[in-house]
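Here's the structure we're looking at; comments come further down.
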Amino acid sequence: MVNSIGAFNKYMRAISNIVPIFLLLIFLVSSGCAPPPAERPDWTKVDMVWPMPPEEPKIRFLDILQSNRDVGEDVALAKQLFGEDLRAHLQKPFAAAADKEGRVYVVDPGRVFVFDKKNKKLSFIGDSGAGKLAYPLGIDIAADGRIYVADAEAKRVFVYDDKGRVVNIIGARDEFLNPVSVAIDNKRSRLYVTDSKKHFIRAYTLDGTFIKTIGEREIFFPTGVDIDSEGNIYVVDTAQFRIAIFDPEGNFKGSFGKIGDRPGTFTRPKGIAIDSEDHIYVVDAAFQNFQIFNKEGQLLLFVGGAGREPGRFSLPAGIYIDENDKIYVGDQLNRRVQIFQYLGEKWKQSQGIQPDKK
């Protein structure tokens with residue numbers, strides 16, 4: 001017993017010597033003696049275009065989104081050092097979308113990140129409450145600002161208002177097995193949802209009323225989906241290494257693409273998006289790039305390659321093009337979203353550039 005008390009006293013003396021040192025370290029860290037976090041690169045200074053000069057550039061790199069630092073939000077140093085800021089960094093972003101106010105919504109395991117550069121704020125949707133997300137993969141935004149998110153684990157499509165409040169949940173029991181991607185046709189007020197395990201697309205009104213099933217006999221393991229200016233539906237037919245095309249009523253029109261390891265072919269196609277001139281952009285996770293095709297399925301250009309530098313990817317997945325022809329690509333293993341600009345007629349008009357005379 002005496003020996004135990006003596007050992008205890010020695011232990012307490014040791015602790016009394018350590019605690020002040022520990023407190024001093026905390027003070028030094030909080031007072032700025034620890035090295036500050038690395039400054040965020042200014043991606044807007046990166047001058048990168050495709051194709052390279054002397055050809056006329058068609059795609060320009062713009063920016064990268066990863067964390068709250070990318071919206072200019074101030075975070076205390078202690079939070080960064082002790083891990084509270086980890087929640088504010090993308091982990092494995094699959095896809096993104098953007099609203100008319102310039103906010104960028106990124107699906108990440110368990111939540112949607114909302115990057116608001118205009119107001120220097122990062123916020124979240126679907127991280128709590130009735131609309132809590134598990135494993136969101138697909139996202140699109142309606143003209144009225146409502147946000148549609150496909151959750152593969154919950155087997156539902158969650159609908160949020162522009163304040164992030166859940167307003168609807170689409171999908172009854174066993175209606176979906178693996179909803180992967182969503183696309184909205186605002187002109188016809190329709191929502192399209194791909195189900196990769198049921199091998200079809202389900203069409204709904206924007207309030208969630210079921211309309212019809214599309215592609216039951218034509219597509220296998222569909223992933224990305226998007227709509228062109230005429231309402232035609234383009235879907236990544238992953239297992240058949242092609243892009244399947246349906247008319248607005250869901251009738252099969254044809255396809256383009258085949259398996260291969262050369263530009264213009266596919267190995268692991270994932271996301272798809274269509275710009276204002278109806279060019280078709282397809283992400284291939286094996287090629288680590290996105291390829292651009294015309295409506296006839298002819299390859300026009302490809303952008304990317306494996307790597308961590310701007311314009312390169314590591315397991316890219318979803319792709320989205322907003323009304324201003326900005327391109328957003330989910331770069332999963334690099335834990336970021338890369339943003340590009342299509343330098344087409346709409347962009348030229350916004351810059352006051354006169355159209356080419358032919």
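Following the order of the structure tokens, chains are lettered A, B, ..., residues in each are numbered from 1, and ligands are numbered from 1.
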
Report as an MDAnalysis selection string all protein, DNA and RNA residues lying within 7 Å of range 179-183 of chain A, evaluated on only C-alpha atoms, omitting residues in the same chain fewer than 2 positions from it.
chainID A and resid 137:140 150:152 155 176:177 185 191:196 223:226

According to DSSP computed on the backbone, where in range 106-277 of chain A is there strand (DSSP E)? Give the residues as a VMD selection string.
chain A and resid 106 to 108 111 to 116 121 to 125 136 to 141 147 to 151 156 to 160 166 to 170 179 to 185 190 to 195 200 to 205 210 to 214 222 to 227 233 to 237 242 to 246 252 to 256 269 to 274

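Among the candidates A:Thr267, A:Gln338, A:Gln298, A:Thr213, the one nearest to Ser255 in chain A when counting only C-alpha atoms is A:Gln298.
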
Do you know which residues are at most 10 Å from Pro109 in chain A counting only C-alpha atoms, after dropping those on the same chain fewer than 5 positions away, and could you put them as a ChimeraX atom specification?
/A:90-94,127,133-137,151

File dump, residues just selected, all heavy atoms, as a compact mmCIF listing (two decimals), in the first residue's frame:
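Listing of out_31.txt after writing:
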# COMPACT_ATOMS: atom_id res chain seq x y z
N LEU A 90 -13.79 17.86 -49.37
CA LEU A 90 -14.38 16.76 -50.12
C LEU A 90 -13.59 15.48 -49.90
O LEU A 90 -12.36 15.49 -49.80
CB LEU A 90 -14.39 17.11 -51.61
CG LEU A 90 -15.31 18.26 -52.04
CD1 LEU A 90 -15.03 18.64 -53.49
CD2 LEU A 90 -16.77 17.88 -51.87
N GLN A 91 -14.32 14.36 -49.83
CA GLN A 91 -13.68 13.07 -49.60
C GLN A 91 -13.64 12.23 -50.88
O GLN A 91 -12.61 11.72 -51.27
CB GLN A 91 -14.43 12.31 -48.50
CG GLN A 91 -14.41 13.03 -47.16
CD GLN A 91 -12.99 13.29 -46.66
OE1 GLN A 91 -12.16 12.39 -46.61
NE2 GLN A 91 -12.71 14.55 -46.33
N LYS A 92 -14.79 12.08 -51.55
CA LYS A 92 -14.83 11.31 -52.80
C LYS A 92 -15.98 11.84 -53.65
O LYS A 92 -17.01 11.19 -53.82
CB LYS A 92 -15.00 9.82 -52.52
CG LYS A 92 -14.70 8.93 -53.72
CD LYS A 92 -14.82 7.46 -53.36
CE LYS A 92 -14.51 6.59 -54.58
NZ LYS A 92 -14.69 5.14 -54.27
N PRO A 93 -15.82 13.03 -54.19
CA PRO A 93 -16.92 13.67 -54.93
C PRO A 93 -17.23 12.95 -56.23
O PRO A 93 -16.34 12.68 -57.04
CB PRO A 93 -16.40 15.08 -55.18
CG PRO A 93 -14.91 14.91 -55.20
CD PRO A 93 -14.60 13.86 -54.18
N PHE A 94 -18.51 12.63 -56.42
CA PHE A 94 -18.91 11.88 -57.61
C PHE A 94 -19.37 12.82 -58.72
O PHE A 94 -19.02 12.63 -59.89
CB PHE A 94 -20.03 10.89 -57.26
CG PHE A 94 -20.31 9.88 -58.34
CD1 PHE A 94 -19.59 8.70 -58.39
CD2 PHE A 94 -21.29 10.12 -59.30
CE1 PHE A 94 -19.84 7.76 -59.40
CE2 PHE A 94 -21.54 9.18 -60.31
CZ PHE A 94 -20.82 8.00 -60.35
N ASP A 127 -27.19 16.50 -44.56
CA ASP A 127 -26.32 15.89 -43.56
C ASP A 127 -27.05 15.64 -42.24
O ASP A 127 -26.43 15.19 -41.27
CB ASP A 127 -25.07 16.73 -43.32
CG ASP A 127 -25.39 18.16 -42.89
OD1 ASP A 127 -26.55 18.57 -43.02
OD2 ASP A 127 -24.47 18.85 -42.43
N LEU A 133 -28.71 12.11 -46.21
CA LEU A 133 -28.20 11.30 -47.30
C LEU A 133 -27.22 10.25 -46.79
O LEU A 133 -26.55 10.45 -45.77
CB LEU A 133 -27.51 12.18 -48.33
CG LEU A 133 -28.40 13.21 -49.04
CD1 LEU A 133 -27.56 14.25 -49.76
CD2 LEU A 133 -29.35 12.51 -50.00
N ALA A 134 -27.13 9.14 -47.51
CA ALA A 134 -26.18 8.08 -47.17
C ALA A 134 -25.05 8.04 -48.20
O ALA A 134 -23.89 8.27 -47.88
CB ALA A 134 -26.91 6.73 -47.10
N TYR A 135 -25.39 7.73 -49.45
CA TYR A 135 -24.36 7.67 -50.49
C TYR A 135 -24.91 8.30 -51.77
O TYR A 135 -25.28 7.60 -52.72
CB TYR A 135 -23.95 6.23 -50.74
CG TYR A 135 -22.59 6.12 -51.41
CD1 TYR A 135 -21.41 6.37 -50.69
CD2 TYR A 135 -22.47 5.78 -52.75
CE1 TYR A 135 -20.17 6.29 -51.30
CE2 TYR A 135 -21.24 5.69 -53.36
CZ TYR A 135 -20.10 5.94 -52.63
OH TYR A 135 -18.87 5.86 -53.25
N PRO A 136 -24.96 9.63 -51.81
CA PRO A 136 -25.49 10.31 -53.00
C PRO A 136 -24.52 10.22 -54.17
O PRO A 136 -23.32 10.31 -53.99
CB PRO A 136 -25.66 11.76 -52.52
CG PRO A 136 -24.63 11.92 -51.45
CD PRO A 136 -24.55 10.58 -50.76
N LEU A 137 -25.09 10.05 -55.37
CA LEU A 137 -24.27 9.96 -56.57
C LEU A 137 -24.67 10.96 -57.65
O LEU A 137 -23.82 11.55 -58.30
CB LEU A 137 -24.33 8.54 -57.15
CG LEU A 137 -23.72 7.42 -56.31
CD1 LEU A 137 -23.91 6.07 -57.00
CD2 LEU A 137 -22.24 7.67 -56.06
N ASP A 151 -29.72 8.95 -54.27
CA ASP A 151 -28.93 8.29 -53.22
C ASP A 151 -28.96 6.79 -53.47
O ASP A 151 -29.99 6.14 -53.34
CB ASP A 151 -29.52 8.62 -51.85
CG ASP A 151 -28.60 8.21 -50.70
OD1 ASP A 151 -28.15 7.04 -50.71
OD2 ASP A 151 -28.35 9.03 -49.81

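If you measure from each of A:Phe246, A:Phe290, A:Val283, A:Leu206 to Lys187 in chain A using only C-alpha atoms, the closest one turns out to be A:Leu206.
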
I'd like to know which of A:Gly344, A:Gly231, A:Gly330, A:Gly305 is closest to Ala97 in chain A, using only C-alpha atoms.
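Among the listed residues, A:Gly330 lies closest to Ala97 in chain A.
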
Give me every helix (DSSP H, G or I) residue in range 80-229 of chain A, going by DSSP on the backbone, as a short mmCIF file (atom, residue, chain, number, x, y, z; two decimals) with all heavy atoms, in the first residue's frame.
data_model
loop_
_atom_site.label_atom_id
_atom_site.label_comp_id
_atom_site.auth_asym_id
_atom_site.auth_seq_id
_atom_site.Cartn_x
_atom_site.Cartn_y
_atom_site.Cartn_z
N GLN A 80 -8.29 23.81 -37.92
CA GLN A 80 -7.54 23.11 -38.95
C GLN A 80 -6.60 22.08 -38.33
O GLN A 80 -6.47 20.95 -38.79
CB GLN A 80 -6.75 24.11 -39.79
CG GLN A 80 -7.63 25.02 -40.62
CD GLN A 80 -6.82 26.01 -41.44
OE1 GLN A 80 -5.63 26.17 -41.20
NE2 GLN A 80 -7.46 26.67 -42.38
N LEU A 81 -5.93 22.45 -37.22
CA LEU A 81 -4.96 21.57 -36.60
C LEU A 81 -5.60 20.39 -35.88
O LEU A 81 -5.07 19.29 -35.90
CB LEU A 81 -4.09 22.36 -35.61
CG LEU A 81 -3.14 23.37 -36.25
CD1 LEU A 81 -2.48 24.21 -35.18
CD2 LEU A 81 -2.08 22.65 -37.07
N GLU A 84 -11.34 19.60 -36.86
CA GLU A 84 -12.71 19.99 -37.07
C GLU A 84 -12.95 20.44 -38.51
O GLU A 84 -14.05 20.38 -39.01
CB GLU A 84 -13.10 21.12 -36.11
CG GLU A 84 -13.13 20.69 -34.65
CD GLU A 84 -13.47 21.86 -33.74
OE1 GLU A 84 -14.40 22.61 -34.06
OE2 GLU A 84 -12.80 22.02 -32.71
N ASP A 85 -11.88 20.87 -39.18
CA ASP A 85 -12.01 21.35 -40.54
C ASP A 85 -12.04 20.22 -41.55
O ASP A 85 -12.35 20.45 -42.71
CB ASP A 85 -10.85 22.30 -40.86
CG ASP A 85 -11.05 23.01 -42.20
OD1 ASP A 85 -12.15 23.50 -42.44
OD2 ASP A 85 -10.09 23.04 -42.98
N LEU A 86 -11.75 18.99 -41.13
CA LEU A 86 -11.73 17.87 -42.06
C LEU A 86 -13.09 17.68 -42.71
O LEU A 86 -13.20 17.25 -43.85
CB LEU A 86 -11.30 16.59 -41.35
CG LEU A 86 -9.85 16.55 -40.87
CD1 LEU A 86 -9.58 15.24 -40.15
CD2 LEU A 86 -8.89 16.73 -42.03
N ARG A 87 -14.14 17.99 -41.99
CA ARG A 87 -15.48 17.84 -42.51
C ARG A 87 -15.73 18.79 -43.69
O ARG A 87 -16.60 18.55 -44.51
CB ARG A 87 -16.49 18.13 -41.39
CG ARG A 87 -17.94 17.91 -41.77
CD ARG A 87 -18.83 18.11 -40.54
NE ARG A 87 -20.22 17.92 -40.85
CZ ARG A 87 -21.02 18.86 -41.34
NH1 ARG A 87 -20.54 20.06 -41.56
NH2 ARG A 87 -22.29 18.62 -41.58
N ALA A 88 -14.96 19.83 -43.78
CA ALA A 88 -15.15 20.82 -44.82
C ALA A 88 -14.27 20.56 -46.04
O ALA A 88 -14.02 21.46 -46.83
CB ALA A 88 -14.87 22.21 -44.27
#

For a test of reading the model, state the distance in Å between CA of Glu73 in chain A and CA of Ser123 in chain A, rounded to one decimal.
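Taking CA of Glu73 in chain A as the start and CA of Ser123 in chain A as the end point, the length is 10.5 Å.
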
Applying 12 Å and only C-alpha atoms, which residues near Gly311 in chain A remain after dropping the ones on its own chain fewer than 2 positions away? List them as a count of residues only.
38

Taking only C-alpha atoms into account, name the residue in A:Leu65, A:Ala130, A:Ile169, A:Ala142 that is nearest to Val104 in chain A.
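Closest candidate: A:Leu65.
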
Neighbour list for Ile211 in chain A as a PyMOL selection string, cut-off 12 Å, only C-alpha atoms, skip fewer than 2 positions in-chain
chain A and resi 189-193+201-209+213-214+249-250
